[in-house]
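Next up, target-v6.txt (compact mmCIF, C-alpha atoms):
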```txt
# COMPACT_ATOMS: atom_id res chain seq x y z
CA MET A 1 -1.84 102.45 146.43
CA LYS A 2 -5.05 104.37 146.79
CA ASN A 3 -6.76 105.97 143.84
CA PRO A 4 -6.55 109.82 144.13
CA LEU A 5 -10.28 109.97 143.64
CA ASP A 6 -10.86 107.59 146.55
CA LYS A 7 -8.54 109.65 148.66
CA TRP A 8 -10.47 112.78 147.84
CA LEU A 9 -13.81 111.10 148.50
CA SER A 10 -12.64 109.81 151.85
CA GLN A 11 -12.12 113.38 153.09
CA PRO A 12 -14.75 114.00 155.84
CA TRP A 13 -16.38 116.97 154.03
CA ASN A 14 -16.88 114.83 150.95
CA ARG A 15 -18.60 111.88 152.63
CA ALA A 16 -22.11 112.93 151.53
CA ARG A 17 -21.15 113.35 147.88
CA THR A 18 -22.42 111.05 145.14
CA LEU A 19 -20.39 110.77 141.98
CA PRO A 20 -21.98 111.92 138.68
CA PHE A 21 -20.47 108.89 136.90
CA PRO A 22 -20.36 105.24 137.91
CA ARG A 23 -16.95 104.19 139.10
CA TRP A 24 -16.17 101.86 136.21
CA VAL A 25 -15.81 104.94 133.98
CA ASP A 26 -12.36 105.26 135.52
CA HIS A 27 -11.18 102.39 133.32
CA PHE A 28 -11.75 104.56 130.29
CA VAL A 29 -10.09 107.66 131.63
CA LYS A 30 -6.80 105.79 131.56
CA VAL A 31 -7.01 105.08 127.82
CA LEU A 32 -8.66 108.38 126.84
CA GLY A 33 -5.51 109.80 125.24
CA LEU A 34 -4.88 106.66 123.26
CA VAL A 35 -8.47 106.52 122.02
CA ALA A 36 -8.40 110.19 121.01
CA VAL A 37 -5.18 109.76 118.99
CA ALA A 38 -6.21 106.48 117.39
CA GLY A 39 -9.76 107.69 116.67
CA GLY A 40 -8.56 110.99 115.23
CA GLY A 41 -6.06 109.18 113.07
CA TYR A 42 -8.69 106.74 111.92
CA VAL A 43 -11.15 109.50 110.96
CA THR A 44 -8.44 111.44 109.11
CA MET A 45 -7.49 108.29 107.27
CA LEU A 46 -11.14 107.63 106.39
CA VAL A 47 -11.59 111.11 104.94
CA ALA A 48 -8.37 110.95 102.93
CA TYR A 49 -9.15 107.46 101.65
CA GLY A 50 -12.82 108.18 101.02
CA ALA A 51 -12.52 111.59 99.39
CA SER A 52 -9.66 110.60 97.08
CA PRO A 53 -10.51 110.68 93.37
CA LYS A 54 -9.53 107.01 93.33
CA THR A 55 -12.68 106.38 95.39
CA LEU A 56 -15.01 109.08 94.12
CA ALA A 57 -14.16 109.24 90.43
CA VAL A 58 -12.93 105.76 89.51
CA GLY A 59 -15.62 103.21 88.77
CA TYR A 60 -18.23 105.65 87.50
CA ALA A 61 -20.28 103.76 84.93
CA PRO A 62 -23.38 105.77 83.99
CA GLU A 63 -26.29 104.05 82.36
CA GLN A 64 -26.41 104.86 78.65
CA PRO A 65 -29.54 105.34 76.53
CA VAL A 66 -28.42 102.47 74.27
CA PRO A 67 -26.66 99.43 75.76
CA TYR A 68 -23.75 99.85 73.36
CA SER A 69 -20.96 97.41 74.25
CA HIS A 70 -17.29 98.01 73.53
CA LYS A 71 -16.67 94.40 74.47
CA LEU A 72 -18.77 93.25 71.52
CA HIS A 73 -17.80 95.88 68.94
CA VAL A 74 -14.10 96.22 69.83
CA GLY A 75 -13.25 92.97 71.62
CA GLU A 76 -15.18 90.58 69.39
CA LEU A 77 -15.72 92.40 66.08
CA GLY A 78 -12.25 93.95 66.22
CA LEU A 79 -13.26 97.50 65.30
CA ASP A 80 -10.50 100.08 65.77
CA CYS A 81 -11.27 102.94 68.16
CA ARG A 82 -10.76 105.39 65.32
CA TYR A 83 -13.60 103.87 63.31
CA CYS A 84 -15.93 105.69 65.70
CA HIS A 85 -13.77 108.14 67.67
CA THR A 86 -12.51 109.65 64.41
CA SER A 87 -11.19 112.95 65.74
CA VAL A 88 -8.99 111.53 68.49
CA GLU A 89 -5.76 111.95 66.52
CA GLU A 90 -6.46 115.42 65.18
CA THR A 91 -8.22 117.33 67.93
CA ALA A 92 -8.30 117.80 71.68
CA LYS A 93 -11.60 116.02 71.87
CA ALA A 94 -12.35 112.38 71.10
CA ASN A 95 -15.76 112.62 69.49
CA ILE A 96 -18.61 110.31 70.37
CA PRO A 97 -19.73 108.93 66.99
CA PRO A 98 -22.84 110.30 65.29
CA THR A 99 -25.81 108.00 64.76
CA SER A 100 -24.91 107.61 61.11
CA THR A 101 -21.77 105.70 62.14
CA CYS A 102 -23.89 103.10 63.92
CA MET A 103 -26.18 102.93 60.91
CA ASN A 104 -23.25 101.93 58.68
CA CYS A 105 -23.88 98.49 60.10
CA HIS A 106 -27.21 98.65 61.86
CA SER A 107 -29.14 99.59 58.75
CA MET A 108 -28.48 95.93 57.85
CA ILE A 109 -27.65 94.17 61.12
CA ARG A 110 -30.31 93.60 63.76
CA LYS A 111 -32.60 96.16 62.16
CA GLU A 112 -35.47 95.29 64.45
CA SER A 113 -33.61 95.04 67.74
CA PRO A 114 -35.53 96.91 70.46
CA LEU A 115 -32.17 97.78 72.02
CA LEU A 116 -31.37 99.84 68.95
CA ALA A 117 -34.69 101.68 68.80
CA PRO A 118 -33.23 105.00 70.09
CA VAL A 119 -30.55 104.81 67.37
CA ARG A 120 -33.11 104.30 64.60
CA GLU A 121 -35.29 107.09 65.99
CA SER A 122 -32.34 109.43 66.13
CA PHE A 123 -31.39 108.54 62.55
CA ALA A 124 -34.91 109.23 61.34
CA SER A 125 -35.44 112.47 63.26
CA GLY A 126 -31.94 113.98 63.31
CA GLN A 127 -32.09 114.37 67.08
CA PRO A 128 -28.85 113.14 68.67
CA VAL A 129 -28.73 110.11 70.96
CA GLU A 130 -28.11 111.52 74.43
CA TRP A 131 -25.01 109.62 75.56
CA VAL A 132 -23.95 110.29 79.12
CA ARG A 133 -20.40 111.57 79.58
CA VAL A 134 -18.17 109.24 81.58
CA HIS A 135 -14.74 110.88 81.76
CA SER A 136 -14.48 114.49 82.64
CA VAL A 137 -11.64 116.68 83.87
CA ALA A 138 -12.40 119.95 85.62
CA ASP A 139 -13.43 122.74 83.25
CA TYR A 140 -10.45 124.89 84.25
CA ALA A 141 -7.93 122.24 83.15
CA TYR A 142 -6.94 121.73 79.53
CA PHE A 143 -6.62 118.23 78.14
CA ASN A 144 -5.74 117.31 74.59
CA HIS A 145 -6.09 113.85 73.03
CA SER A 146 -4.04 114.47 69.91
CA ALA A 147 -1.04 115.64 71.98
CA HIS A 148 -0.99 112.23 73.65
CA VAL A 149 -2.16 109.83 70.98
CA THR A 150 0.20 111.06 68.26
CA ARG A 151 3.13 110.91 70.70
CA GLY A 152 2.60 107.30 71.63
CA VAL A 153 0.43 107.19 74.76
CA GLY A 154 -2.08 104.39 74.26
CA CYS A 155 -5.78 104.68 75.02
CA VAL A 156 -5.36 101.81 77.46
CA SER A 157 -3.05 103.88 79.71
CA CYS A 158 -5.85 106.30 80.51
CA HIS A 159 -9.07 104.39 79.80
CA GLY A 160 -8.17 100.83 80.77
CA ARG A 161 -9.25 97.72 78.91
CA ILE A 162 -12.18 99.28 77.06
CA ASP A 163 -12.33 96.17 74.86
CA THR A 164 -13.50 94.11 77.85
CA MET A 165 -16.17 96.54 79.06
CA ASP A 166 -19.85 96.05 78.35
CA VAL A 167 -20.47 99.38 80.03
CA VAL A 168 -17.69 101.98 79.94
CA TYR A 169 -16.40 102.93 83.37
CA GLN A 170 -13.63 105.21 84.50
CA THR A 171 -10.48 103.33 85.50
CA GLN A 172 -8.12 106.21 86.29
CA PRO A 173 -8.59 109.09 88.77
CA LEU A 174 -7.92 111.86 86.16
CA SER A 175 -6.63 113.97 89.04
CA MET A 176 -3.81 116.45 88.73
CA SER A 177 -1.37 114.16 90.52
CA TRP A 178 -2.21 111.42 88.05
CA CYS A 179 -1.52 113.70 85.07
CA VAL A 180 1.70 115.03 86.55
CA ASP A 181 2.97 111.61 87.64
CA CYS A 182 2.96 110.49 84.05
CA HIS A 183 4.31 113.79 82.73
CA ARG A 184 7.30 113.29 85.04
CA HIS A 185 7.83 109.64 84.07
CA PRO A 186 6.21 109.00 80.70
CA GLU A 187 8.56 106.04 79.98
CA ARG A 188 6.24 103.50 81.54
CA SER A 189 3.43 104.22 79.12
CA LEU A 190 4.98 104.86 75.71
CA ARG A 191 4.56 102.82 72.55
CA PRO A 192 4.85 103.44 68.80
CA ALA A 193 2.17 105.93 67.70
CA SER A 194 0.80 103.33 65.26
CA GLU A 195 -0.11 101.05 68.20
CA VAL A 196 -2.03 103.48 70.39
CA THR A 197 -5.39 101.82 69.86
CA ASN A 198 -3.99 98.34 70.46
CA MET A 199 -5.30 97.24 73.85
CA THR A 200 -2.79 94.43 74.40
CA TRP A 201 0.41 95.86 72.92
CA GLN A 202 3.71 94.57 74.28
CA PRO A 203 7.18 95.77 73.27
CA PRO A 204 8.71 93.64 70.49
CA ASN A 205 11.12 90.77 71.28
CA GLY A 206 10.09 90.59 74.94
CA GLN A 207 11.76 93.93 75.66
CA ASP A 208 11.09 95.50 79.04
CA PRO A 209 8.34 98.16 78.61
CA TYR A 210 10.28 100.63 80.71
CA GLU A 211 13.46 100.22 78.65
CA PHE A 212 11.46 100.48 75.45
CA GLY A 213 9.74 103.65 76.67
CA LYS A 214 13.03 105.19 77.70
CA SER A 215 14.68 104.72 74.33
CA TYR A 216 11.47 105.68 72.51
CA ALA A 217 11.23 108.93 74.49
CA GLU A 218 14.84 109.71 73.63
CA GLN A 219 14.47 108.97 69.92
CA HIS A 220 11.32 111.06 69.58
CA SER A 221 12.37 113.67 72.16
CA ILE A 222 9.20 113.15 74.15
CA ASN A 223 9.34 115.44 77.10
CA PRO A 224 5.92 116.20 78.58
CA PRO A 225 5.91 119.66 80.16
CA THR A 226 5.06 120.01 83.84
CA ASP A 227 4.71 123.80 84.05
CA CYS A 228 1.34 124.93 85.28
CA SER A 229 0.51 126.70 82.03
CA THR A 230 0.51 123.40 80.13
CA CYS A 231 -2.77 122.38 81.65
CA HIS A 232 -4.04 125.63 83.17
CA ARG A 233 -4.13 128.05 80.27
CA MET B 1 -12.45 99.37 141.25
CA PRO B 2 -15.82 97.96 140.04
CA THR B 3 -15.71 96.08 136.75
CA ILE B 4 -17.32 97.39 133.60
CA PRO B 5 -20.94 96.12 133.28
CA GLY B 6 -21.63 93.65 130.49
CA TRP B 7 -23.95 95.90 128.50
CA VAL B 8 -21.30 98.62 128.31
CA LYS B 9 -18.80 96.09 126.99
CA SER B 10 -21.24 94.89 124.34
CA LEU B 11 -22.01 98.48 123.39
CA LEU B 12 -18.33 99.25 123.04
CA ILE B 13 -17.67 96.20 120.91
CA ALA B 14 -20.66 97.13 118.73
CA LEU B 15 -19.35 100.71 118.36
CA VAL B 16 -15.88 99.54 117.39
CA LEU B 17 -17.37 97.16 114.86
CA LEU B 18 -19.68 99.90 113.49
CA SER B 19 -16.74 102.24 113.05
CA PHE B 20 -15.36 99.78 110.49
CA VAL B 21 -18.48 100.06 108.33
CA PRO B 22 -17.42 103.30 106.56
CA LEU B 23 -14.03 101.72 105.88
CA ALA B 24 -15.68 98.68 104.35
CA LEU B 25 -18.03 100.86 102.27
CA ILE B 26 -15.14 102.91 100.95
CA ALA B 27 -13.11 99.81 100.19
CA ARG B 28 -16.05 98.40 98.28
CA ALA B 29 -16.56 101.66 96.35
CA ARG B 30 -12.91 101.44 95.30
CA VAL B 31 -13.21 98.07 93.68
CA SER B 32 -16.70 98.20 92.19
CA THR B 33 -18.38 100.28 89.50
CA SER B 34 -21.55 102.24 89.98
CA PRO B 35 -24.02 104.07 87.75
CA ASP B 36 -24.78 106.61 90.50
CA PRO B 37 -23.59 110.16 89.87
CA ARG B 38 -20.16 110.88 91.28
CA ILE B 39 -20.01 112.45 94.74
CA HIS B 40 -18.39 115.80 94.11
CA ILE B 41 -17.37 117.37 97.39
CA VAL B 42 -15.68 120.65 96.45
CA HIS B 43 -17.01 122.15 93.24
CA ASP B 44 -14.61 125.07 92.84
CA MET B 45 -14.88 125.94 89.15
CA ASP B 46 -15.08 122.36 87.95
CA HIS B 47 -18.35 122.93 86.11
CA GLN B 48 -18.34 126.27 84.38
CA GLU B 49 -21.11 127.97 82.49
CA LYS B 50 -19.64 127.19 79.10
CA PHE B 51 -20.27 124.63 76.43
CA ARG B 52 -17.69 122.05 75.54
CA PRO B 53 -17.81 120.01 72.32
CA GLN B 54 -20.84 117.74 71.92
CA GLU B 55 -22.48 119.06 75.06
CA GLU B 56 -26.15 119.83 75.43
CA ASN B 57 -27.72 123.26 75.06
CA ALA B 58 -31.44 123.45 75.73
CA LEU B 59 -31.64 126.75 73.82
CA PHE B 60 -31.73 124.98 70.46
CA ALA B 61 -34.49 122.72 69.24
CA ASP B 62 -32.15 119.80 68.57
CA GLY B 63 -30.44 120.27 71.95
CA ARG B 64 -26.96 120.52 70.43
CA ALA B 65 -24.52 123.14 71.66
CA MET B 66 -22.45 122.60 68.49
CA ARG B 67 -24.19 124.19 65.52
CA LEU B 68 -24.16 123.03 61.92
CA PRO B 69 -23.29 125.53 59.19
CA VAL B 70 -26.33 127.39 57.91
CA ALA B 71 -27.88 125.43 55.05
CA GLY B 72 -26.74 126.61 51.64
CA THR B 73 -23.60 128.36 52.86
CA ILE B 74 -20.00 127.44 52.14
CA ALA B 75 -17.13 128.39 54.42
CA ARG B 76 -14.11 130.14 52.93
CA GLY B 77 -11.70 127.68 51.38
CA GLU B 78 -14.28 124.91 51.29
CA LEU B 79 -15.73 125.46 47.84
CA GLN B 80 -14.44 122.04 46.75
CA ALA B 81 -14.35 123.15 43.12
CA ASP B 82 -11.76 120.55 42.07
CA ASP B 83 -13.88 117.77 40.53
CA HIS B 84 -10.98 115.34 40.39
CA LEU B 85 -9.96 115.75 44.05
CA TYR B 86 -13.39 116.05 45.60
CA ARG B 87 -15.59 113.94 43.33
CA GLY B 88 -13.20 111.60 41.55
CA THR B 89 -14.29 112.66 38.09
CA VAL B 90 -12.42 114.08 35.11
CA PRO B 91 -12.70 117.89 35.27
CA GLY B 92 -14.81 119.38 32.50
CA THR B 93 -16.92 116.25 31.94
CA ASN B 94 -19.74 117.44 34.17
CA ASN B 95 -18.94 114.63 36.62
CA LYS B 96 -19.80 112.00 33.99
CA GLU B 97 -16.42 110.31 33.53
CA TRP B 98 -14.49 108.66 36.39
CA ALA B 99 -10.89 109.76 36.77
CA ARG B 100 -8.43 106.91 36.13
CA LYS B 101 -5.59 108.31 38.19
CA LEU B 102 -5.12 109.93 41.57
CA PRO B 103 -5.45 113.73 41.59
CA PRO B 104 -2.24 115.62 40.78
CA SER B 105 -2.17 117.13 44.28
CA VAL B 106 -1.77 113.66 45.78
CA THR B 107 1.74 112.22 45.48
CA VAL B 108 2.00 108.47 45.63
CA ASP B 109 4.88 107.56 47.91
CA GLU B 110 5.57 105.14 50.72
CA GLU B 111 4.04 107.49 53.26
CA LEU B 112 0.76 107.68 51.35
CA LEU B 113 0.54 103.91 51.02
CA ALA B 114 1.32 103.42 54.71
CA ARG B 115 -1.39 105.91 55.59
CA GLY B 116 -3.75 104.16 53.19
CA GLN B 117 -2.98 100.80 54.75
CA GLU B 118 -3.67 102.12 58.24
CA ARG B 119 -6.94 103.81 57.25
CA TYR B 120 -8.02 100.77 55.22
CA ALA B 121 -7.50 98.60 58.29
CA ILE B 122 -9.59 100.96 60.43
CA HIS B 123 -12.51 101.72 58.13
CA CYS B 124 -12.68 99.08 55.37
CA ALA B 125 -11.24 95.86 56.79
CA PRO B 126 -14.12 95.23 59.24
CA CYS B 127 -16.23 94.25 56.22
CA HIS B 128 -13.94 93.88 53.18
CA GLY B 129 -11.25 91.99 55.11
CA LEU B 130 -7.60 92.91 55.61
CA ALA B 131 -6.64 91.48 52.21
CA GLY B 132 -9.78 92.71 50.43
CA HIS B 133 -11.48 89.36 49.86
CA GLY B 134 -14.76 90.54 51.38
CA ASP B 135 -14.36 88.36 54.45
CA GLY B 136 -13.94 90.81 57.34
CA PRO B 137 -14.95 89.95 60.91
CA VAL B 138 -18.21 91.92 60.72
CA HIS B 139 -19.20 90.04 57.59
CA ARG B 140 -18.44 86.72 59.26
CA ARG B 141 -20.49 87.66 62.34
CA ALA B 142 -23.37 88.89 60.17
CA LEU B 143 -23.33 85.62 58.19
CA GLN B 144 -23.60 83.67 61.43
CA LEU B 145 -26.60 85.77 62.46
CA VAL B 146 -28.23 85.25 59.06
CA ASN B 147 -27.64 81.50 59.29
CA GLN B 148 -29.17 81.43 62.75
CA LYS B 149 -32.21 83.15 61.22
CA LYS B 150 -31.95 86.07 63.63
CA PRO B 151 -34.59 88.74 62.98
CA GLY B 152 -33.82 92.05 61.29
CA MET B 153 -30.90 90.90 59.14
CA ALA B 154 -30.68 92.50 55.68
CA TRP B 155 -27.07 91.59 55.17
CA GLN B 156 -25.44 91.65 51.77
CA ALA B 157 -21.94 90.25 51.39
CA PRO B 158 -19.33 92.98 51.03
CA LYS B 159 -17.55 93.20 47.71
CA ASN B 160 -14.48 91.10 47.07
CA LEU B 161 -12.06 93.76 45.81
CA HIS B 162 -10.13 91.28 43.64
CA SER B 163 -12.79 89.34 41.76
CA ASP B 164 -14.48 92.04 39.65
CA PRO B 165 -12.45 92.69 36.47
CA GLU B 166 -14.20 96.05 36.08
CA LEU B 167 -12.80 97.12 39.43
CA ILE B 168 -9.12 96.33 38.79
CA LEU B 169 -7.66 99.81 39.18
CA SER B 170 -4.52 99.21 37.12
CA SER B 171 -6.41 97.95 34.07
CA ALA B 172 -6.72 100.56 31.34
CA THR B 173 -10.27 99.49 30.50
CA ALA B 174 -11.68 99.24 34.02
CA LYS B 175 -15.19 100.67 34.17
CA LYS B 176 -14.71 101.34 37.87
CA PRO B 177 -11.35 103.11 38.08
CA ALA B 178 -9.73 105.07 40.92
CA GLY B 179 -12.22 107.94 40.80
CA TYR B 180 -15.10 105.48 41.09
CA VAL B 181 -13.60 103.81 44.16
CA TYR B 182 -13.14 107.26 45.68
CA HIS B 183 -16.79 107.98 44.91
CA VAL B 184 -17.97 104.77 46.59
CA ILE B 185 -15.93 105.50 49.72
CA THR B 186 -17.42 109.00 49.77
CA ASN B 187 -21.05 108.33 48.96
CA GLY B 188 -21.52 104.62 49.44
CA PHE B 189 -23.00 102.00 47.14
CA ASN B 190 -26.00 99.72 47.61
CA ASN B 191 -26.01 98.74 51.27
CA MET B 192 -22.67 100.35 52.03
CA ASN B 193 -23.06 103.82 53.50
CA GLY B 194 -20.76 106.65 52.49
CA TYR B 195 -17.78 107.32 54.72
CA LYS B 196 -17.31 111.00 54.00
CA ALA B 197 -18.07 111.93 57.59
CA GLN B 198 -15.47 109.49 58.91
CA ILE B 199 -12.59 109.69 56.41
CA SER B 200 -10.95 112.90 55.18
CA VAL B 201 -10.53 113.55 51.43
CA GLU B 202 -6.76 112.93 51.54
CA ASP B 203 -7.23 109.70 53.44
CA ARG B 204 -9.85 108.50 50.96
CA TRP B 205 -7.31 108.89 48.14
CA ALA B 206 -4.67 107.18 50.27
CA ILE B 207 -7.06 104.25 50.66
CA VAL B 208 -7.65 104.19 46.88
CA ALA B 209 -3.89 104.00 46.35
CA TYR B 210 -3.64 101.21 48.90
CA VAL B 211 -6.46 99.25 47.27
CA ALA B 212 -4.52 99.36 43.99
CA ALA B 213 -1.48 98.05 45.86
CA LEU B 214 -3.59 95.29 47.44
CA GLN B 215 -4.87 94.24 44.03
CA ARG B 216 -1.34 94.01 42.71
CA SER B 217 -0.37 91.89 45.69
CA GLN B 218 -3.12 89.47 44.60
CA GLY B 219 -1.87 89.24 41.02
CA ALA B 220 -3.56 92.13 39.26
CA PRO B 221 -1.54 93.36 36.23
CA GLN B 222 0.68 96.38 36.68
```
In structure tokens, write the structure found in this file.
Amino acid sequence: MKNPLDKWLSQPWNRARTLPFPRWVDHFVKVLGLVAVAGGGYVTMLVAYGASPKTLAVGYAPEQPVPYSHKLHVGELGLDCRYCHTSVEETAKANIPPTSTCMNCHSMIRKESPLLAPVRESFASGQPVEWVRVHSVADYAYFNHSAHVTRGVGCVSCHGRIDTMDVVYQTQPLSMSWCVDCHRHPERSLRPASEVTNMTWQPPNGQDPYEFGKSYAEQHSINPPTDCSTCHR
Amino acid sequence: MPTIPGWVKSLLIALVLLSFVPLALIARARVSTSPDPRIHIVHDMDHQEKFRPQEENALFADGRAMRLPVAGTIARGELQADDHLYRGTVPGTNNKEWARKLPPSVTVDEELLARGQERYAIHCAPCHGLAGHGDGPVHRRALQLVNQKKPGMAWQAPKNLHSDPELILSSATAKKPAGYVYHVITNGFNNMNGYKAQISVEDRWAIVAYVAALQRSQGAPQ
């Protein structure tokens, strides 16, 4: 069978014509539709995958003015989160500790360490150490630590294994779908309120975490609201 | 039909390969951490012109958006006139005599002791040890550093809460009774800094009650 283009070109009045494209371009014309669909799909997928908070927000680990390590202080020395983040159970905000908290120990331990120079300066001058914020939800959304921590959601559910991090990084997207997913099914991440700072807690007697969470939610009537006004007030 | 020239084929293969580069970059960004500022595509009202707790405000000399109370002022309800509750001393003695008992507004019950145990484990146990023998994990680490002759160590062993007869809270003649322990938690002693910024007044008394319970568990008289 003759190509329609060849047919057209073989017409006498077309003999003198030259084609604007080389003939091998015809091979591509046949797959043009396929390429357009596949390419469009690929680009859409790239944008969705790339712009998701799981890509853009997770893994943020800003450099801090002092190389403070949770791995050392929590993982090795066994300090409880509430030793430093004292307000986490009472208020919406988990405070970053003041310099004086560090000086409880560092007025005696490694007093000359150059790494701790900003801490000593801050203690002497009263100027705060300028820690860089890691986690941040949008300013129009309302988050409250005490509402979670006193109801049995562990730090590890939202901040990951802080006790293994030399530099704190964000492990969860903190997006609205992430919040609402858990508010719909809190069972997977509940534990006794006394264990919230425990990074490796497991339900007693090898119980399934989901079963434990389910009965715990029932006993304590834990029912996280999902109406918009909970978080947008 | 003429075949596709070689250079076009190579170009096409290169293009297809290149188109996978963004995918690979995104996949890498997903599994690695980075100190670079987050890419924030749509700002909406994510960052509003308001100050949240502990944020920076260049308007003030110390850069803090949160302000301290004006020096020399006392907020309503924070006069802290009760010497026994707030300073651990017997009222009317001009803060000279340590109170032997917990303040009347604090009831000793199981709840208070449980709270005391929890707070003791958070704030005291790192140095004084879970059982109060002065052998907490921070003390053990500091001893190692001292033994390795690391520079800048001015470590002093934390107090063993059971060995000093003057500190046995249940003894009627203790020179360092409940009010004194409260005072040390609040204002510190020797190398130990005060914990008044970290522990609330009620929790400090709960810890005092728990320390008394600890001492009894180690054979102190009733």
Selected residue, from B:Leu85, B:Leu68, B:Leu112, B:Leu145, that lies nearest to chain A when counting all atoms listed in the file: B:Leu145
Select residues of chain A: the criterion is any atom within 6 Å of an atom of chain B, counting all atoms listed in the file; output as number ranges by chain. A: 24, 50, 55, 59-63, 77, 80, 83, 104, 108-112, 127, 138-139
Region 169-185 of chain B environment, 8 Å, only C-alpha atoms, sequence neighbours closer than 4 positions dropped, as a ChimeraX atom specification: /B:84,87-89,98-102,165,189,194-196,204-205,208,212,215,220-222
Mind writing the picked residues with C-alpha atoms as a compact mmCIF listing (two decimals), in the frame of the given file?
```
# COMPACT_ATOMS: atom_id res chain seq x y z
CA HIS B 84 -10.98 115.34 40.39
CA ARG B 87 -15.59 113.94 43.33
CA GLY B 88 -13.20 111.60 41.55
CA THR B 89 -14.29 112.66 38.09
CA TRP B 98 -14.49 108.66 36.39
CA ALA B 99 -10.89 109.76 36.77
CA ARG B 100 -8.43 106.91 36.13
CA LYS B 101 -5.59 108.31 38.19
CA LEU B 102 -5.12 109.93 41.57
CA PRO B 165 -12.45 92.69 36.47
CA PHE B 189 -23.00 102.00 47.14
CA GLY B 194 -20.76 106.65 52.49
CA TYR B 195 -17.78 107.32 54.72
CA LYS B 196 -17.31 111.00 54.00
CA ARG B 204 -9.85 108.50 50.96
CA TRP B 205 -7.31 108.89 48.14
CA VAL B 208 -7.65 104.19 46.88
CA ALA B 212 -4.52 99.36 43.99
CA GLN B 215 -4.87 94.24 44.03
CA ALA B 220 -3.56 92.13 39.26
CA PRO B 221 -1.54 93.36 36.23
CA GLN B 222 0.68 96.38 36.68
```
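Our summary of the geometry notes that CA of Asn223 (chain A) is positioned 21.3 Å from CA of Thr197 (chain A).
CA of His133 (chain B) lies 8.7 Å from CA of Pro158 (chain B).
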Within-12 Å shell of (-35.2, 102.4, 73.3) in input frame, all atoms listed in the file, as JSON, numbers by chain: {"A": [64, 65, 66, 67, 68, 112, 113, 114, 115, 116, 117, 118, 119, 120, 121, 122, 129, 130]}
Need to verify the contact set: region 157-167 of chain A, 8 Å, only C-alpha atoms, exclusion of same-chain residues closer than 2 positions in sequence. Can you return it as an NGL selection string? :A and (61 or 63 or 67-72 or 74-75 or 153-155 or 169-172 or 189 or 199)
One residue among B:Ser10, B:Phe60, B:Gly72, B:Tyr120 is nearest to Arg82 (chain A) when using all atoms listed in the file, and that residue is B:Tyr120
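Going from CA of Gly213 (chain A) over to CA of His148 (chain A), you cover 14.1 Å.
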Excluding Ala147 (chain A) and residues on its chain fewer than 5 positions from it, collect all residues at most 10 Å away from it, counting all atoms listed in the file, and give them as a ChimeraX atom specification. /A:88-92,152-153,224
Could the centre and edge lengths of an axis-aligned box, enclosing all atoms of region 33-39 of chain B in the file with 3 Å extra on each side, be given in Å to one decimal as lines of an AutoDock Vina configuration file?
```
center_x = -21.6
center_y = 106.4
center_z = 91.2
size_x = 12.4
size_y = 18.2
size_z = 13.0
```
List the neighbours of Asn160 (chain B) out to 7 Å using only C-alpha atoms; skip same-chain residues closer than 5 positions along the sequence, and give me the result as a list in words. His128, Gly132, His133 and Gly134 of chain B
